[in-house]
file target.cif (mmCIF, C-alpha atoms and all ligand atoms)
data_entry
#
loop_
_atom_site.label_atom_id
_atom_site.label_comp_id
_atom_site.auth_asym_id
_atom_site.auth_seq_id
_atom_site.Cartn_x
_atom_site.Cartn_y
_atom_site.Cartn_z
CA MET A 1 75.90 101.84 67.68
CA LEU A 2 76.95 99.09 70.04
CA THR A 3 79.94 99.90 72.25
CA VAL A 4 82.95 97.59 72.29
CA GLU A 5 82.20 96.68 75.90
CA LYS A 6 78.58 95.71 75.19
CA ALA A 7 79.62 93.73 72.13
CA ARG A 8 82.21 91.83 74.20
CA ASN A 9 79.55 90.95 76.78
CA ILE A 10 77.21 89.65 74.09
CA ILE A 11 79.92 87.40 72.69
CA THR A 12 80.91 86.16 76.15
CA GLU A 13 77.30 85.24 76.91
CA ASN A 14 77.08 83.19 73.74
CA VAL A 15 80.32 81.22 73.99
CA LYS A 16 79.88 77.63 75.16
CA LEU A 17 82.60 75.28 76.30
CA LEU A 18 83.31 72.58 73.77
CA ASP A 19 82.71 68.97 74.73
CA ILE A 20 85.30 66.71 76.31
CA GLN A 21 87.31 63.98 74.68
CA GLN A 22 89.85 61.45 75.85
CA VAL A 23 93.22 61.85 74.15
CA LYS A 24 96.53 59.95 74.25
CA LEU A 25 99.10 61.78 76.35
CA GLN A 26 101.48 62.34 73.44
CA GLU A 27 98.69 64.07 71.50
CA THR A 28 97.76 66.57 74.20
CA SER A 29 100.33 69.31 73.59
CA GLY A 30 98.57 72.69 73.70
CA ARG A 31 95.21 71.14 74.63
CA VAL A 32 93.27 72.17 77.73
CA LEU A 33 92.62 69.74 80.57
CA ALA A 34 88.98 68.96 81.25
CA GLU A 35 89.75 67.20 84.57
CA ASP A 36 91.78 67.82 87.71
CA ILE A 37 94.89 65.67 87.69
CA THR A 38 95.73 64.03 91.01
CA ALA A 39 98.82 62.19 92.19
CA LEU A 40 98.09 58.46 91.92
CA PHE A 41 100.97 57.72 94.32
CA PRO A 42 103.37 59.72 96.49
CA MET A 43 106.46 61.25 94.90
CA PRO A 44 109.10 59.98 95.41
CA ARG A 45 107.32 56.67 95.45
CA PHE A 46 109.99 55.13 97.77
CA ASP A 47 113.02 56.39 99.68
CA ASN A 48 115.87 56.56 97.17
CA SER A 49 119.39 57.81 96.80
CA ALA A 50 120.08 61.34 95.53
CA MET A 51 123.71 60.47 94.74
CA ASP A 52 125.95 57.75 93.46
CA GLY A 53 127.64 56.55 96.65
CA PHE A 54 127.25 54.26 99.64
CA ALA A 55 124.23 53.77 101.83
CA VAL A 56 125.27 53.73 105.50
CA LYS A 57 123.99 53.99 109.03
CA ALA A 58 124.84 57.57 110.01
CA ALA A 59 125.69 56.45 113.56
CA ASP A 60 128.41 54.12 112.18
CA ILE A 61 130.36 56.97 110.62
CA ALA A 62 129.99 59.62 113.32
CA GLY A 63 133.23 61.63 113.43
CA ALA A 64 134.54 60.25 110.11
CA GLY A 65 136.93 62.61 108.34
CA LYS A 66 139.82 62.76 105.88
CA ASP A 67 142.29 61.76 108.56
CA ASN A 68 139.83 59.61 110.44
CA ALA A 69 138.41 57.13 107.94
CA VAL A 70 135.78 54.66 109.07
CA SER A 71 135.88 51.27 107.34
CA LEU A 72 132.59 49.55 106.58
CA LYS A 73 131.89 46.13 105.17
CA MET A 74 130.27 46.29 101.74
CA ILE A 75 127.39 43.85 101.45
CA GLY A 76 126.31 44.53 97.87
CA GLY A 77 124.95 47.18 95.57
CA VAL A 78 121.63 48.61 94.44
CA SER A 79 120.96 50.41 91.18
CA ALA A 80 117.99 52.43 89.94
CA GLY A 81 115.33 49.88 89.01
CA ASP A 82 116.36 47.27 91.58
CA PRO A 83 113.59 46.17 93.95
CA GLY A 84 115.74 47.15 96.98
CA ASP A 85 115.66 44.13 99.24
CA LEU A 86 119.10 44.59 100.86
CA VAL A 87 119.20 44.89 104.66
CA LEU A 88 122.06 46.76 106.34
CA LYS A 89 123.43 45.71 109.75
CA PRO A 90 125.73 47.84 111.95
CA GLY A 91 129.19 48.24 110.41
CA GLU A 92 127.94 47.58 106.91
CA CYS A 93 127.39 49.66 103.80
CA ALA A 94 125.90 49.09 100.34
CA GLN A 95 126.91 50.68 97.11
CA CYS A 96 123.95 52.60 95.74
CA MET A 97 123.31 54.58 92.59
CA THR A 98 121.17 57.67 92.07
CA GLY A 99 117.51 56.67 92.12
CA ALA A 100 118.17 53.28 93.77
CA PRO A 101 115.93 52.25 96.69
CA ILE A 102 117.62 52.82 100.05
CA PRO A 103 118.41 49.45 101.73
CA GLU A 104 116.51 48.74 104.90
CA GLY A 105 118.56 49.82 107.90
CA ALA A 106 120.46 52.57 106.04
CA ASP A 107 119.64 56.18 106.90
CA ALA A 108 122.19 58.19 104.90
CA VAL A 109 124.18 58.13 101.68
CA VAL A 110 127.83 59.17 101.41
CA MET A 111 128.88 60.43 97.99
CA VAL A 112 131.39 58.20 96.25
CA GLU A 113 133.79 61.19 96.18
CA ASP A 114 133.93 61.09 100.01
CA THR A 115 134.93 57.43 100.15
CA SER A 116 137.76 55.18 99.02
CA GLY A 117 135.30 53.77 96.46
CA TYR A 118 134.61 50.17 95.73
CA ASP A 119 137.49 47.72 95.45
CA SER A 120 137.85 43.97 95.75
CA SER A 121 138.84 44.15 99.46
CA GLY A 122 135.17 44.06 100.48
CA THR A 123 135.55 47.15 102.70
CA VAL A 124 134.98 50.80 101.94
CA LYS A 125 136.65 53.69 103.76
CA ILE A 126 134.32 56.59 104.54
CA TYR A 127 135.96 60.05 104.82
CA LEU A 128 132.98 62.18 105.79
CA GLU A 129 130.30 61.87 108.42
CA ALA A 130 126.63 62.24 107.54
CA TYR A 131 123.48 63.25 109.36
CA PRO A 132 120.52 60.86 109.19
CA GLY A 133 118.65 61.51 105.94
CA LYS A 134 121.61 62.97 104.06
CA HIS A 135 121.32 62.47 100.26
CA ILE A 136 118.10 60.52 100.69
CA ARG A 137 115.03 61.54 98.76
CA ARG A 138 112.20 60.65 101.11
CA LYS A 139 109.00 58.95 100.00
CA GLY A 140 106.30 61.61 99.54
CA GLU A 141 108.60 64.58 100.27
CA GLU A 142 107.62 66.25 97.00
CA ILE A 143 103.99 65.21 96.57
CA SER A 144 101.51 63.22 98.67
CA GLU A 145 99.21 60.66 97.13
CA GLY A 146 95.91 62.29 96.16
CA ASP A 147 97.29 65.83 95.84
CA VAL A 148 95.79 67.86 92.99
CA LEU A 149 98.77 68.35 90.68
CA ILE A 150 97.20 70.21 87.79
CA GLN A 151 93.86 71.92 87.78
CA LYS A 152 91.16 71.49 85.20
CA LYS A 153 91.37 74.14 82.41
CA THR A 154 95.15 74.24 82.45
CA LYS A 155 96.80 74.28 79.04
CA ILE A 156 99.18 71.40 78.50
CA THR A 157 102.75 72.63 78.08
CA PRO A 158 105.99 70.67 78.64
CA ALA A 159 105.62 70.95 82.44
CA GLU A 160 102.13 69.43 82.47
CA MET A 161 103.11 66.80 79.91
CA GLY A 162 106.06 65.69 82.07
CA THR A 163 103.98 65.66 85.24
CA LEU A 164 101.24 63.56 83.64
CA ALA A 165 103.83 61.04 82.46
CA THR A 166 105.49 61.01 85.91
CA PHE A 167 102.26 59.68 87.36
CA GLY A 168 101.64 57.22 84.58
CA TYR A 169 98.73 58.91 82.85
CA LYS A 170 98.38 57.38 79.42
CA HIS A 171 95.17 59.16 78.42
CA VAL A 172 93.71 62.45 79.63
CA GLN A 173 90.42 64.27 79.24
CA VAL A 174 90.72 67.50 77.27
CA TYR A 175 88.31 69.88 75.60
CA ARG A 176 87.79 69.18 71.94
CA SER A 177 89.62 71.50 69.51
CA PRO A 178 87.21 73.82 67.75
CA ARG A 179 86.59 73.15 64.07
CA VAL A 180 86.80 76.44 62.22
CA ALA A 181 85.90 77.67 58.75
CA LEU A 182 87.87 80.56 57.27
CA ILE A 183 86.15 82.14 54.30
CA GLY A 184 87.43 85.08 52.29
CA THR A 185 84.90 86.83 50.08
CA GLY A 186 85.59 89.10 47.13
CA ASP A 187 85.67 89.00 43.32
CA GLU A 188 89.08 90.67 43.45
CA LEU A 189 90.80 87.95 45.46
CA VAL A 190 93.48 85.72 43.97
CA LYS A 191 95.52 82.98 45.62
CA PRO A 192 99.25 83.70 45.93
CA GLY A 193 101.12 81.91 43.15
CA ARG A 194 98.74 83.02 40.40
CA PRO A 195 99.30 86.17 38.31
CA LEU A 196 97.28 89.26 39.18
CA LYS A 197 95.06 90.83 36.52
CA PRO A 198 94.28 94.56 36.69
CA GLY A 199 92.20 95.35 39.76
CA GLN A 200 92.94 92.07 41.51
CA ILE A 201 94.74 91.59 44.82
CA TYR A 202 96.10 88.60 46.65
CA ASN A 203 94.05 87.13 49.46
CA SER A 204 96.13 87.79 52.56
CA ASN A 205 93.46 87.69 55.26
CA LEU A 206 92.97 83.95 55.23
CA PHE A 207 96.71 83.42 55.66
CA VAL A 208 96.59 85.61 58.76
CA PHE A 209 93.49 83.77 59.99
CA SER A 210 94.85 80.29 59.45
CA ASP A 211 98.08 81.11 61.25
CA LEU A 212 96.07 82.54 64.14
CA ALA A 213 93.75 79.52 64.21
CA ASN A 214 96.74 77.16 64.27
CA ARG A 215 98.34 79.10 67.09
CA LEU A 216 95.12 78.71 69.06
CA GLY A 217 95.11 74.98 68.45
CA ALA A 218 91.92 75.09 66.39
CA LYS A 219 91.33 72.73 63.47
CA VAL A 220 90.91 74.54 60.18
CA ILE A 221 88.27 72.57 58.25
CA ILE A 222 87.50 75.09 55.50
CA ASP A 223 89.97 77.68 54.21
CA ASP A 224 88.73 79.12 50.95
CA ILE A 225 87.96 82.23 48.97
CA VAL A 226 84.55 82.78 47.39
CA ALA A 227 83.42 85.34 44.80
CA ASP A 228 80.83 87.99 45.66
CA ASP A 229 78.16 85.73 44.28
CA PRO A 230 75.12 85.01 46.46
CA LYS A 231 74.76 81.46 45.19
CA ALA A 232 78.39 80.52 45.71
CA LEU A 233 78.36 82.19 49.12
CA HIS A 234 75.19 80.37 50.09
CA THR A 235 76.74 77.01 49.27
CA CYS A 236 80.02 77.72 51.02
CA LEU A 237 78.58 79.33 54.15
CA SER A 238 75.94 76.65 54.57
CA GLN A 239 78.58 73.91 54.44
CA ALA A 240 80.69 75.88 56.95
CA LEU A 241 77.75 76.19 59.34
CA MET A 242 77.10 72.46 59.16
CA GLU A 243 80.69 71.37 59.73
CA CYS A 244 82.22 73.91 62.08
CA ASP A 245 82.05 75.29 65.60
CA VAL A 246 83.24 78.72 64.47
CA VAL A 247 82.75 80.35 61.07
CA ILE A 248 84.97 83.35 60.36
CA SER A 249 84.49 85.28 57.15
CA SER A 250 86.35 88.29 55.83
CA GLY A 251 84.88 90.94 53.59
CA GLY A 252 81.47 91.49 52.10
CA VAL A 253 79.81 92.45 55.36
CA SER A 254 79.65 96.20 54.90
CA MET A 255 77.37 98.53 52.91
CA GLY A 256 78.83 97.80 49.47
CA ARG A 257 76.73 96.77 46.49
CA HIS A 258 78.20 93.26 46.64
CA ASP A 259 78.19 92.78 50.39
CA TYR A 260 76.00 89.69 50.69
CA VAL A 261 77.54 87.91 53.66
CA ARG A 262 75.20 89.17 56.36
CA LYS A 263 72.08 88.55 54.29
CA ILE A 264 73.13 85.02 53.49
CA PHE A 265 73.99 84.17 57.08
CA MET A 266 70.48 85.30 57.99
CA GLU A 267 68.94 83.26 55.17
CA LEU A 268 70.79 80.26 56.55
CA GLY A 269 69.10 80.68 59.92
CA VAL A 270 71.88 82.44 61.83
CA SER A 271 70.55 84.64 64.63
CA GLU A 272 72.22 88.01 64.41
CA HIS A 273 73.42 89.45 67.72
CA PHE A 274 75.00 92.54 66.21
CA TRP A 275 76.32 93.81 62.94
CA ARG A 276 78.10 97.03 63.78
CA VAL A 277 80.36 98.01 66.64
CA ALA A 278 81.61 101.47 67.63
CA GLN A 279 85.21 100.76 66.73
CA LYS A 280 87.80 101.87 64.22
CA PRO A 281 88.87 100.01 62.25
CA GLY A 282 86.27 97.36 61.69
CA LYS A 283 82.90 98.98 62.33
CA PRO A 284 80.99 96.45 60.23
CA LEU A 285 81.37 93.37 62.41
CA PHE A 286 78.74 90.69 62.23
CA PHE A 287 78.28 88.36 65.16
CA GLY A 288 75.68 85.65 65.09
CA THR A 289 75.00 82.16 66.37
CA THR A 290 73.19 78.98 65.48
CA ALA A 291 72.60 76.25 68.04
CA ASP A 292 76.15 74.94 67.72
CA THR A 293 78.14 77.57 65.86
CA LEU A 294 79.56 81.02 66.45
CA ILE A 295 79.70 83.24 63.38
CA PHE A 296 82.03 86.19 62.97
CA GLY A 297 81.76 88.28 59.81
CA LEU A 298 84.84 90.47 59.82
CA PRO A 299 85.37 93.28 57.32
CA GLY A 300 87.84 92.71 54.51
CA ASN A 301 90.40 95.43 55.10
CA PRO A 302 93.50 93.57 56.23
CA VAL A 303 94.10 95.55 59.44
CA SER A 304 90.40 95.48 60.36
CA SER A 305 90.25 91.74 59.93
CA PHE A 306 93.54 90.99 61.72
CA ILE A 307 92.72 93.25 64.69
CA GLY A 308 89.13 92.02 64.56
CA PHE A 309 90.28 88.41 64.86
CA MET A 310 92.54 89.25 67.80
CA GLU A 311 89.96 91.36 69.65
CA TRP A 312 86.84 89.29 69.01
CA VAL A 313 87.54 85.84 67.68
CA TRP A 314 90.71 84.93 69.60
CA PRO A 315 89.24 85.43 73.11
CA ALA A 316 86.03 83.62 72.10
CA ILE A 317 87.94 80.58 70.84
CA GLU A 318 90.10 80.59 73.97
CA LYS A 319 86.95 80.52 76.05
CA MET A 320 85.42 77.66 74.03
CA MET A 321 88.59 75.67 74.61
CA GLY A 322 88.47 76.29 78.35
CA ILE A 323 91.35 78.77 78.46
CA THR A 324 90.92 81.92 80.53
CA ALA A 325 90.61 84.52 77.78
CA SER A 326 93.66 86.74 77.41
CA ARG A 327 93.28 90.27 78.71
CA THR A 328 94.51 93.72 77.89
CA ILE A 329 96.98 95.45 80.19
CA PRO A 330 97.69 99.13 80.85
CA ALA A 331 100.70 100.86 79.31
CA ILE A 332 101.99 104.43 79.11
CA LEU A 333 101.95 106.20 75.77
CA ALA A 334 105.32 107.35 74.48
CA ASP A 335 103.66 109.28 71.62
CA GLN A 336 100.30 110.79 70.82
CA PHE A 337 97.50 108.30 70.13
CA PRO A 338 94.35 109.12 68.17
CA ARG A 339 90.86 109.05 69.63
CA GLU A 340 87.48 108.92 67.96
CA ARG A 341 84.45 110.77 69.24
CA VAL A 342 82.23 107.72 69.67
CA LYS A 343 84.42 104.78 68.68
CA THR A 344 87.13 102.75 70.33
CA ARG A 345 90.31 103.18 68.31
CA PHE A 346 92.63 100.22 67.70
CA LEU A 347 96.09 100.36 66.15
CA PHE A 348 99.01 97.99 65.93
CA GLY A 349 101.92 99.19 68.02
CA ARG A 350 105.08 98.42 69.86
CA ALA A 351 105.43 98.05 73.62
CA TRP A 352 108.71 97.95 75.54
CA TRP A 353 110.01 98.15 79.09
CA ASP A 354 111.57 101.45 80.08
CA GLU A 355 113.01 101.55 83.60
CA GLY A 356 110.35 99.18 84.87
CA HIS A 357 107.46 100.91 83.09
CA LEU A 358 105.55 99.39 80.21
CA VAL A 359 105.58 101.99 77.44
CA CYS A 360 104.00 101.85 73.99
CA ALA A 361 103.66 103.69 70.70
CA SER A 362 101.38 103.00 67.77
CA SER A 363 102.43 102.37 64.20
CA LEU A 364 102.59 105.52 62.10
CA LYS A 365 100.67 103.69 59.39
CA VAL A 366 97.09 104.22 60.48
CA GLY A 367 95.08 103.08 57.44
CA SER A 368 92.98 99.95 57.81
CA HIS A 369 94.37 98.76 54.47
CA MET A 370 98.00 99.01 55.67
CA LEU A 371 98.85 95.48 56.77
CA SER A 372 102.54 96.43 57.02
CA SER A 373 101.58 98.28 60.24
CA SER A 374 101.51 94.81 61.83
CA LEU A 375 105.04 93.90 60.78
CA ASP A 376 107.10 95.13 63.71
CA ALA A 377 104.14 95.31 66.11
CA ASN A 378 104.06 93.31 69.32
CA CYS A 379 100.72 94.63 70.57
CA ILE A 380 97.39 96.19 69.69
CA ILE A 381 96.83 99.53 71.40
CA SER A 382 93.34 100.85 72.06
CA SER A 383 91.84 104.13 73.22
CA GLU A 384 88.37 104.80 74.58
CA PRO A 385 86.23 107.32 72.69
CA GLY A 386 87.11 110.96 73.37
CA ASP A 387 87.43 114.41 71.85
CA LYS A 388 91.18 114.93 71.72
CA PRO A 389 94.10 112.65 70.96
CA LEU A 390 95.77 111.09 73.97
CA GLN A 391 99.10 112.68 74.85
CA PRO A 392 102.45 111.07 75.72
CA GLY A 393 102.39 109.96 79.36
CA GLU A 394 98.67 109.04 79.30
CA MET A 395 97.54 105.45 79.86
CA VAL A 396 96.07 103.14 77.26
CA GLN A 397 95.18 99.46 77.22
CA ILE A 398 97.28 97.13 75.11
CA ARG A 399 96.81 93.54 74.02
CA ILE A 400 100.15 91.82 73.72
CA LEU A 401 100.26 89.63 70.61
CA PRO A 402 100.71 86.23 72.27
CA TRP A 403 103.49 85.10 69.91
CA LYS A 404 105.60 88.23 70.52
CA SER A 405 107.70 89.29 73.48
CA ILE A 406 108.28 92.69 75.03
CA PRO A 407 111.86 93.96 74.77
P1 LIG B 501 85.15 94.49 51.93
O1 LIG B 501 85.05 94.34 53.41
O2 LIG B 501 84.70 93.29 51.19
O3 LIG B 501 84.43 95.73 51.48
O4 LIG B 501 86.68 94.69 51.59
C1 LIG B 501 87.39 95.81 52.08
C2 LIG B 501 88.77 95.85 51.50
O5 LIG B 501 89.50 94.70 51.92
C3 LIG B 501 88.82 95.83 50.00
O6 LIG B 501 89.86 96.70 49.57
C4 LIG B 501 89.15 94.40 49.68
O7 LIG B 501 89.80 94.26 48.44
C5 LIG B 501 90.05 94.03 50.83
N1 LIG B 501 90.01 92.60 51.09
C6 LIG B 501 88.88 91.86 51.20
N2 LIG B 501 89.17 90.58 51.44
C7 LIG B 501 90.52 90.50 51.48
C8 LIG B 501 91.43 89.42 51.69
N3 LIG B 501 91.00 88.17 51.90
N4 LIG B 501 92.75 89.69 51.66
C9 LIG B 501 93.18 90.95 51.46
N5 LIG B 501 92.37 91.99 51.26
C10 LIG B 501 91.05 91.78 51.25
MG MG B 502 84.39 92.83 49.26
#

call {"tool": "encode", "arguments": {"input": "target.cif", "output": "structure tokens", "more": "lines below"}}
Ligand code: AMP
Ligand code: MG
result
Amino acid sequence: MLTVEKARNIITENVKLLDIQQVKLQETSGRVLAEDITALFPMPRFDNSAMDGFAVKAADIAGAGKDNAVSLKMIGGVSAGDPGDLVLKPGECAQCMTGAPIPEGADAVVMVEDTSGYDSSGTVKIYLEAYPGKHIRRKGEEISEGDVLIQKKTKITPAEMGTLATFGYKHVQVYRSPRVALIGTGDELVKPGRPLKPGQIYNSNLFVFSDLANRLGAKVIIDDIVADDPKALHTCLSQALMECDVVISSGGVSMGRHDYVRKIFMELGVSEHFWRVAQKPGKPLFFGTTADTLIFGLPGNPVSSFIGFMEWVWPAIEKMMGITASRTIPAILADQFPRERVKTRFLFGRAWWDEGHLVCASSLKVGSHMLSSSLDANCIISSEPGDKPLQPGEMVQIRILPWKSIP
């Protein structure tokens, strides 16, 4: 059976970056940049005042103090947005507001609090001296024209959004969002809201999948349950393959009498890369490709499909979107953790900081049907194959669930 590591490599080799599209700035939240963003002009763009106050020549007010006021002639005022065409001569000052261009000839700003303020006399008393450059934001002091501000493949968050707007970008190039199909298979599945007949269960997997897909920024094109009926499956899966970049199914991919998913994917021309992985839960895991589509057939048990999505599908979609795929990190076990002889073992768990160490413990609910094991989890813990359970104090790898934090 294929090891987890080999299976990961196979998926990585088959993931292609999605194509690029131009998008309006306000529609780029969460998208990934497909271009380096450079500064189109220096920042600040011109010398401007950092304070509301008076622009002066520092030499004019040398030695000014509370008991030694220097009077200057006020020649006018500049506000943010003014073109800034005032010229200051010795003995003069100009009222200036935060963000206003510094008048030519001025080399410092005195805060209004350190002056007598503006009155109709036409002179202003200055109560504090200033060094040249004081309270002036210099042209280019933050960023030079042409600097790379944001690198290609960065995800757009509020900081990137604000920076793009600062430099006047109206449109940016981003990777296209993947179109995904989420397909739940099983005669027993019922949509929440309808009554359950004996033997039936509610479809929960697709609700997990669609929330995960939305968190990734993928576009869910198909989200439907299908009976274990080869004809119905054929129709649904073939449409999914035509319309989507990623097809994710749950259930029907194992050894059961009604497990048709794998066979139908193959009939539809999907090349199978693997069908089983040495992992628990989720051994039956189908991965295949067509020219344009990645296909993941996850098993139906709710924990197998949730963990399967996080371990296999999530990193692949991240990679398609240009995001560096999230990694696992080491943590110290607080409790025993099971191991399988030849399989990697995954369980939902909790991780927390304890005196600077990242510690974790798995859920006590270990069945692959026990979705409630995910409820207070903030990570997925995994152990490599081995003979004996891991003991408290030993290291494991954990994958932090990206929407959770570590207390
Ligand atoms: P399967 O992989 O089709 O053999 O299904 C394994 C188990 O998962 C069975 O108990 C199914 O009833 C259950 N199951 C399959 N699909 C879903 C689903 N969409 N939501 C919740 N449970 C499911
Ligand atoms: Mg089934």

call {"tool": "closest_atom_pairs", "arguments": {"input": "target.cif", "of": "chain A", "to": "ligand MG 502 (chain B)", "cutoff": "6 Å", "atoms": "all atoms listed in the file", "output": "Markdown table"}}
result
| residue | atom | partner | partner_atom | distance |
| --- | --- | --- | --- | --- |
| A:Gly186 | CA | B:MG502 | MG | 4.5 |
| A:Gly251 | CA | B:MG502 | MG | 4.7 |
| A:Gly252 | CA | B:MG502 | MG | 4.3 |

call {"tool": "atom_distance", "arguments": {"input": "target.cif", "atom1": "atom CA of A:Trp312", "atom2": "atom CA of A:Tyr260"}}
result
21.3 Å

call {"tool": "closest_residue", "arguments": {"input": "target.cif", "among": "A:Phe207, A:Phe46, A:Phe54, A:Phe274", "to": "A:Tyr118", "atoms": "only C-alpha atoms"}}
result
A:Phe54

call {"tool": "residues_around", "arguments": {"input": "target.cif", "residues": "A:Thr123", "least_positions_apart": "6", "cutoff": "7 Å", "atoms": "all atoms listed in the file", "output": "list in words"}}
result
Ser71, Leu72, Lys73 and Met74 of chain A

call {"tool": "atom_distance", "arguments": {"input": "target.cif", "atom1": "atom CA of A:Val277", "atom2": "atom CA of A:Met1"}}
result
6.0 Å

call {"tool": "residues_near_ligand", "arguments": {"input": "target.cif", "ligand": "ligand LIG 501 (chain B)", "cutoff": "7 Å", "atoms": "all atoms listed in the file", "output": "ChimeraX atom specification"}}
result
/A:184-186,188-189,201-206,250-254,256,259,299-302,369

call {"tool": "closest_residue", "arguments": {"input": "target.cif", "among": "A:Phe346, A:Trp314, A:Phe337, A:Trp353", "to": "A:Glu394", "atoms": "only C-alpha atoms"}}
result
A:Phe337
